[in-house]
$ cat upload14.cif   # mmCIF, C-alpha atoms
data_entry
#
loop_
_atom_site.label_atom_id
_atom_site.label_comp_id
_atom_site.auth_asym_id
_atom_site.auth_seq_id
_atom_site.Cartn_x
_atom_site.Cartn_y
_atom_site.Cartn_z
CA MET A 1 101.15 -4.80 105.37
CA LYS A 2 102.43 -1.33 106.00
CA ASN A 3 100.43 1.84 106.46
CA LYS A 4 100.66 3.17 102.90
CA VAL A 5 98.35 5.42 100.90
CA GLN A 6 98.57 6.39 97.22
CA LEU A 7 96.15 8.89 95.72
CA ILE A 8 95.74 10.69 92.43
CA GLY A 9 93.37 13.63 92.59
CA ASN A 10 92.91 17.36 92.30
CA VAL A 11 93.80 20.19 94.67
CA ALA A 12 90.50 21.72 95.84
CA ILE A 13 91.68 24.99 97.38
CA VAL A 14 94.90 26.96 97.72
CA PRO A 15 97.18 25.01 100.11
CA THR A 16 97.66 26.54 103.56
CA PHE A 17 100.89 26.89 105.50
CA LYS A 18 101.99 27.46 109.05
CA THR A 19 105.11 27.17 111.14
CA THR A 20 105.08 25.30 114.45
CA LYS A 21 106.41 26.80 117.68
CA LYS A 22 109.56 24.75 117.10
CA GLY A 23 110.04 26.34 113.66
CA LYS A 24 108.97 23.40 111.48
CA LYS A 25 106.92 24.30 108.41
CA LEU A 26 103.61 22.53 107.71
CA ALA A 27 101.66 22.53 104.43
CA ARG A 28 98.05 21.37 104.32
CA ILE A 29 96.41 20.38 101.02
CA LEU A 30 92.72 19.61 100.58
CA MET A 31 92.33 17.32 97.59
CA PHE A 32 89.56 15.23 96.11
CA THR A 33 89.36 11.99 94.18
CA ILE A 34 86.44 10.89 92.04
CA GLU A 35 85.43 7.29 91.40
CA TYR A 36 83.11 6.57 88.48
CA TYR A 37 80.99 3.43 88.28
CA THR A 38 77.65 2.09 87.05
CA ASN A 39 75.19 1.11 89.78
CA SER A 40 72.86 -1.89 89.74
CA ASN A 41 70.18 0.16 87.92
CA GLY A 42 72.57 0.91 85.07
CA LYS A 43 72.95 4.56 86.09
CA LYS A 44 76.43 6.11 85.89
CA VAL A 45 77.49 7.45 89.26
CA ASP A 46 80.44 9.56 90.38
CA GLU A 47 81.53 9.46 94.00
CA THR A 48 83.81 12.17 95.38
CA GLU A 49 86.07 11.58 98.39
CA TRP A 50 87.88 14.41 100.20
CA HIS A 51 91.38 14.01 101.63
CA THR A 52 93.55 16.25 103.78
CA VAL A 53 97.23 15.88 102.95
CA VAL A 54 99.96 17.28 105.18
CA ALA A 55 103.61 17.82 104.28
CA TRP A 56 106.39 18.86 106.64
CA GLY A 57 109.70 20.70 106.34
CA LYS A 58 111.36 20.83 102.93
CA MET A 59 108.39 19.09 101.32
CA ALA A 60 106.14 21.88 102.65
CA ASP A 61 108.48 24.43 101.04
CA LYS A 62 108.16 22.62 97.71
CA VAL A 63 104.37 22.48 98.05
CA GLU A 64 104.39 26.26 98.56
CA SER A 65 106.45 26.73 95.40
CA TYR A 66 104.70 24.31 93.07
CA VAL A 67 101.28 23.04 94.18
CA LYS A 68 98.35 25.22 93.10
CA LYS A 69 94.56 25.02 93.30
CA GLY A 70 93.01 22.91 90.54
CA GLU A 71 96.14 20.92 89.69
CA GLN A 72 96.17 17.15 89.54
CA ILE A 73 98.68 15.60 91.94
CA GLY A 74 99.83 12.17 92.97
CA VAL A 75 100.45 11.62 96.68
CA SER A 76 102.20 8.77 98.43
CA GLY A 77 102.31 8.61 102.21
CA LYS A 78 100.71 7.14 105.30
CA LEU A 79 97.52 7.67 107.28
CA LYS A 80 97.86 9.55 110.56
CA SER A 81 95.00 9.98 113.03
CA ARG A 82 94.84 12.49 115.86
CA SER A 83 92.31 14.09 118.15
CA LEU A 84 91.71 17.74 118.89
CA ILE A 85 89.36 19.93 120.88
CA ASP A 86 87.31 22.25 118.66
CA LYS A 87 86.31 25.84 119.50
CA ASP A 88 83.15 24.55 121.24
CA GLY A 89 85.17 22.23 123.50
CA ILE A 90 84.13 19.06 121.65
CA LYS A 91 86.73 16.37 121.04
CA ARG A 92 87.09 15.63 117.30
CA TYR A 93 89.08 12.99 115.46
CA VAL A 94 90.96 13.71 112.26
CA THR A 95 92.62 11.36 109.80
CA GLU A 96 95.13 12.86 107.36
CA VAL A 97 97.56 11.61 104.75
CA GLU A 98 101.12 12.46 105.77
CA ALA A 99 102.91 12.79 102.44
CA ASN A 100 106.39 11.49 101.79
CA GLU A 101 106.10 12.15 98.04
CA ILE A 102 103.98 14.51 95.95
CA VAL A 103 104.14 14.47 92.15
CA LEU A 104 102.65 17.21 89.98
CA LEU A 105 100.65 15.60 87.18
CA SER A 106 98.91 18.52 85.43
CA SER A 107 101.11 21.51 86.10
CA ARG A 108 102.95 23.60 83.56
CA ASN A 109 105.96 22.31 85.47
CA SER A 110 104.82 18.71 85.00
CA ASN A 111 108.38 17.43 85.35
CA SER A 112 108.51 18.80 88.90
CA ASN A 113 108.56 16.26 91.66
CA THR A 114 108.38 17.33 95.31
CA ARG A 115 110.15 14.35 96.87
#
$ encode --input "upload14.cif" --output "structure tokens"
Amino acid sequence: MKNKVQLIGNVAIVPTFKTTKKGKKLARILMFTIEYYTNSNGKKVDETEWHTVVAWGKMADKVESYVKKGEQIGVSGKLKSRSLIDKDGIKRYVTEVEANEIVLLSSRNSNSNTR
């Protein structure tokens, strides 16, 4: 099996953008998905998962133009893990979804596709 992720969820905050030292643009999207189920006691439960999605280059440009807070999006990509040193000098591990396709599902421009 390949490293492949597909998510449908909502954009939690306004996407952020930066440009690397080498001039490549990066977009970062915080999105959430909600799973609904009934537990063993018959109580309805919703479980929210948070996902960080990154998009590079031309896809980051399209994210900047089209993806807004609160919109529902579909994301297809792969999981990427990395480590970093936080401001307190502690090594942290991060797993992100590196997008190769983002589809707007609830936008006024619902026919827009950021492939």
$ atom_distance --input "upload14.cif" --atom1 "atom CA of Val53 of chain A" --atom2 "atom CA of Met31 of chain A"
7.4 Å
$ closest_residue --input "upload14.cif" --among "A:Arg92, A:Val54, A:Asp61, A:Val11" --to "Ile73 of chain A" --atoms "all atoms listed in the file"
A:Val11
$ atom_distance --input "upload14.cif" --atom1 "atom CA of Ile29 of chain A" --atom2 "atom CA of Lys58 of chain A"
15.1 Å
$ closest_residue --input "upload14.cif" --among "A:Asn39, A:Thr16, A:Thr95, A:Ser65" --to "His51 of chain A" --atoms "all atoms listed in the file"
A:Thr95
$ residues_around --input "upload14.cif" --residues "Glu35 of chain A" --least-positions-apart "2" --cutoff "12 Å" --atoms "all atoms listed in the file" --output "PDB file with C-alpha atoms, keeping the file's coordinate frame"
ATOM      1  CA  LEU A   7      96.150   8.890  95.720  1.00  0.00           C
ATOM      2  CA  ILE A   8      95.740  10.690  92.430  1.00  0.00           C
ATOM      3  CA  GLY A   9      93.370  13.630  92.590  1.00  0.00           C
ATOM      4  CA  PHE A  32      89.560  15.230  96.110  1.00  0.00           C
ATOM      5  CA  THR A  33      89.360  11.990  94.180  1.00  0.00           C
ATOM      6  CA  TYR A  37      80.990   3.430  88.280  1.00  0.00           C
ATOM      7  CA  THR A  38      77.650   2.090  87.050  1.00  0.00           C
ATOM      8  CA  LYS A  44      76.430   6.110  85.890  1.00  0.00           C
ATOM      9  CA  VAL A  45      77.490   7.450  89.260  1.00  0.00           C
ATOM     10  CA  ASP A  46      80.440   9.560  90.380  1.00  0.00           C
ATOM     11  CA  GLU A  47      81.530   9.460  94.000  1.00  0.00           C
ATOM     12  CA  THR A  48      83.810  12.170  95.380  1.00  0.00           C
ATOM     13  CA  GLU A  49      86.070  11.580  98.390  1.00  0.00           C
ATOM     14  CA  TRP A  50      87.880  14.410 100.200  1.00  0.00           C
TER      15      TRP A  50
END
$ resolve_selection --input "upload14.cif" --expression "the PyMOL selection byres ((chain A and resi 57) around 7)" --output "ChimeraX atom specification"
/A:24-26,56,58-61
$ resolve_selection --input "upload14.cif" --expression "the PyMOL selection byres ((chain A and resi 67) around 9)" --output "ChimeraX atom specification"
/A:11,14-15,29,62-66,68-69,71,73,104,107
$ write_last_selection --input "upload14.cif" --atoms "C-alpha atoms" --output "CSV table (one decimal), keeping the file's coordinate frame"
chain,number,residue,atom,x,y,z
A,11,VAL,CA,93.8,20.2,94.7
A,14,VAL,CA,94.9,27.0,97.7
A,15,PRO,CA,97.2,25.0,100.1
A,29,ILE,CA,96.4,20.4,101.0
A,62,LYS,CA,108.2,22.6,97.7
A,63,VAL,CA,104.4,22.5,98.0
A,64,GLU,CA,104.4,26.3,98.6
A,65,SER,CA,106.4,26.7,95.4
A,66,TYR,CA,104.7,24.3,93.1
A,68,LYS,CA,98.4,25.2,93.1
A,69,LYS,CA,94.6,25.0,93.3
A,71,GLU,CA,96.1,20.9,89.7
A,73,ILE,CA,98.7,15.6,91.9
A,104,LEU,CA,102.6,17.2,90.0
A,107,SER,CA,101.1,21.5,86.1
$ residues_around --input "upload14.cif" --residues "segment 77-79 of chain A" --least-positions-apart "4" --cutoff "8 Å" --atoms "all atoms listed in the file" --output "compact mmCIF listing (two decimals) with C-alpha atoms, keeping the file's coordinate frame"
# COMPACT_ATOMS: atom_id res chain seq x y z
CA ASN A 3 100.43 1.84 106.46
CA LYS A 4 100.66 3.17 102.90
CA VAL A 5 98.35 5.42 100.90
CA GLN A 6 98.57 6.39 97.22
CA THR A 95 92.62 11.36 109.80
CA GLU A 96 95.13 12.86 107.36
CA VAL A 97 97.56 11.61 104.75
CA GLU A 98 101.12 12.46 105.77
CA ALA A 99 102.91 12.79 102.44
CA ASN A 100 106.39 11.49 101.79
CA GLU A 101 106.10 12.15 98.04
$ atom_distance --input "upload14.cif" --atom1 "atom CA of Lys21 of chain A" --atom2 "atom CA of Ile90 of chain A"
23.9 Å
$ axis_aligned_box --input "upload14.cif" --around "segment 86-89 of chain A" --padding-each-side "8 Å" --output "lines of an AutoDock Vina configuration file"
center_x = 85.2
center_y = 24.0
center_z = 121.1
size_x = 20.2
size_y = 19.6
size_z = 20.8
$ closest_residue --input "upload14.cif" --among "A:Thr19, A:Ala55, A:Arg28, A:Gly70" --to "Ser106 of chain A" --atoms "only C-alpha atoms"
A:Gly70
$ closest_residue --input "upload14.cif" --among "A:Lys18, A:Gln72, A:Asn10, A:Gly42" --to "Leu30 of chain A" --atoms "only C-alpha atoms"
A:Asn10
$ closest_residue --input "upload14.cif" --among "A:Gly74, A:Asp88, A:Lys2, A:Ile102" --to "Ala27 of chain A" --atoms "all atoms listed in the file"
A:Ile102
$ build_atoms --input "upload14.cif" --residues "segment 61-84 of chain A" --atoms "N, CA and C atoms" --output "mmCIF file, in the frame of the given file"
data_model
loop_
_atom_site.group_PDB
_atom_site.id
_atom_site.type_symbol
_atom_site.label_atom_id
_atom_site.label_comp_id
_atom_site.auth_asym_id
_atom_site.auth_seq_id
_atom_site.Cartn_x
_atom_site.Cartn_y
_atom_site.Cartn_z
ATOM 1 N N ASP A 61 107.926 23.336 101.845
ATOM 2 C CA ASP A 61 108.480 24.430 101.040
ATOM 3 C C ASP A 61 108.221 24.183 99.551
ATOM 4 N N LYS A 62 108.390 22.957 99.114
ATOM 5 C CA LYS A 62 108.160 22.620 97.710
ATOM 6 C C LYS A 62 106.681 22.725 97.347
ATOM 7 N N VAL A 63 105.812 22.327 98.281
ATOM 8 C CA VAL A 63 104.370 22.480 98.050
ATOM 9 C C VAL A 63 104.060 23.961 97.839
ATOM 10 N N GLU A 64 104.631 24.817 98.672
ATOM 11 C CA GLU A 64 104.390 26.260 98.560
ATOM 12 C C GLU A 64 104.837 26.797 97.201
ATOM 13 N N SER A 65 105.919 26.264 96.683
ATOM 14 C CA SER A 65 106.450 26.730 95.400
ATOM 15 C C SER A 65 105.708 26.196 94.192
ATOM 16 N N TYR A 66 105.190 24.969 94.272
ATOM 17 C CA TYR A 66 104.700 24.310 93.070
ATOM 18 C C TYR A 66 103.223 23.918 93.042
ATOM 19 N N VAL A 67 102.638 23.600 94.173
ATOM 20 C CA VAL A 67 101.280 23.040 94.180
ATOM 21 C C VAL A 67 100.251 24.171 94.220
ATOM 22 N N LYS A 68 99.358 24.167 93.233
ATOM 23 C CA LYS A 68 98.350 25.220 93.100
ATOM 24 C C LYS A 68 96.944 24.616 93.054
ATOM 25 N N LYS A 69 95.962 25.431 93.377
ATOM 26 C CA LYS A 69 94.560 25.020 93.300
ATOM 27 C C LYS A 69 94.230 24.538 91.893
ATOM 28 N N GLY A 70 93.475 23.435 91.811
ATOM 29 C CA GLY A 70 93.010 22.910 90.540
ATOM 30 C C GLY A 70 93.939 21.910 89.873
ATOM 31 N N GLU A 71 95.189 21.838 90.310
ATOM 32 C CA GLU A 71 96.140 20.920 89.690
ATOM 33 C C GLU A 71 95.876 19.475 90.108
ATOM 34 N N GLN A 72 96.233 18.573 89.210
ATOM 35 C CA GLN A 72 96.170 17.150 89.540
ATOM 36 C C GLN A 72 97.514 16.759 90.129
ATOM 37 N N ILE A 73 97.461 16.045 91.269
ATOM 38 C CA ILE A 73 98.680 15.600 91.940
ATOM 39 C C ILE A 73 98.578 14.129 92.290
ATOM 40 N N GLY A 74 99.728 13.513 92.426
ATOM 41 C CA GLY A 74 99.830 12.170 92.970
ATOM 42 C C GLY A 74 100.483 12.268 94.333
ATOM 43 N N VAL A 75 99.940 11.567 95.307
ATOM 44 C CA VAL A 75 100.450 11.620 96.680
ATOM 45 C C VAL A 75 100.723 10.202 97.160
ATOM 46 N N SER A 76 101.864 10.027 97.785
ATOM 47 C CA SER A 76 102.200 8.770 98.430
ATOM 48 C C SER A 76 102.556 9.100 99.875
ATOM 49 N N GLY A 77 102.025 8.341 100.813
ATOM 50 C CA GLY A 77 102.310 8.610 102.210
ATOM 51 C C GLY A 77 101.659 7.597 103.114
ATOM 52 N N LYS A 78 101.342 8.030 104.333
ATOM 53 C CA LYS A 78 100.710 7.140 105.300
ATOM 54 C C LYS A 78 99.581 7.863 106.006
ATOM 55 N N LEU A 79 98.627 7.098 106.525
ATOM 56 C CA LEU A 79 97.520 7.670 107.280
ATOM 57 C C LEU A 79 97.967 7.969 108.704
ATOM 58 N N LYS A 80 97.581 9.147 109.185
ATOM 59 C CA LYS A 80 97.860 9.550 110.560
ATOM 60 C C LYS A 80 96.550 10.041 111.163
ATOM 61 N N SER A 81 96.214 9.552 112.335
ATOM 62 C CA SER A 81 95.000 9.980 113.030
ATOM 63 C C SER A 81 95.402 10.728 114.298
ATOM 64 N N ARG A 82 94.592 11.725 114.650
ATOM 65 C CA ARG A 82 94.840 12.490 115.860
ATOM 66 C C ARG A 82 93.505 13.024 116.374
ATOM 67 N N SER A 83 93.504 13.469 117.594
ATOM 68 C CA SER A 83 92.310 14.090 118.150
ATOM 69 C C SER A 83 92.621 15.535 118.485
ATOM 70 N N LEU A 84 91.569 16.340 118.531
ATOM 71 C CA LEU A 84 91.710 17.740 118.890
ATOM 72 C C LEU A 84 90.438 18.208 119.556
#
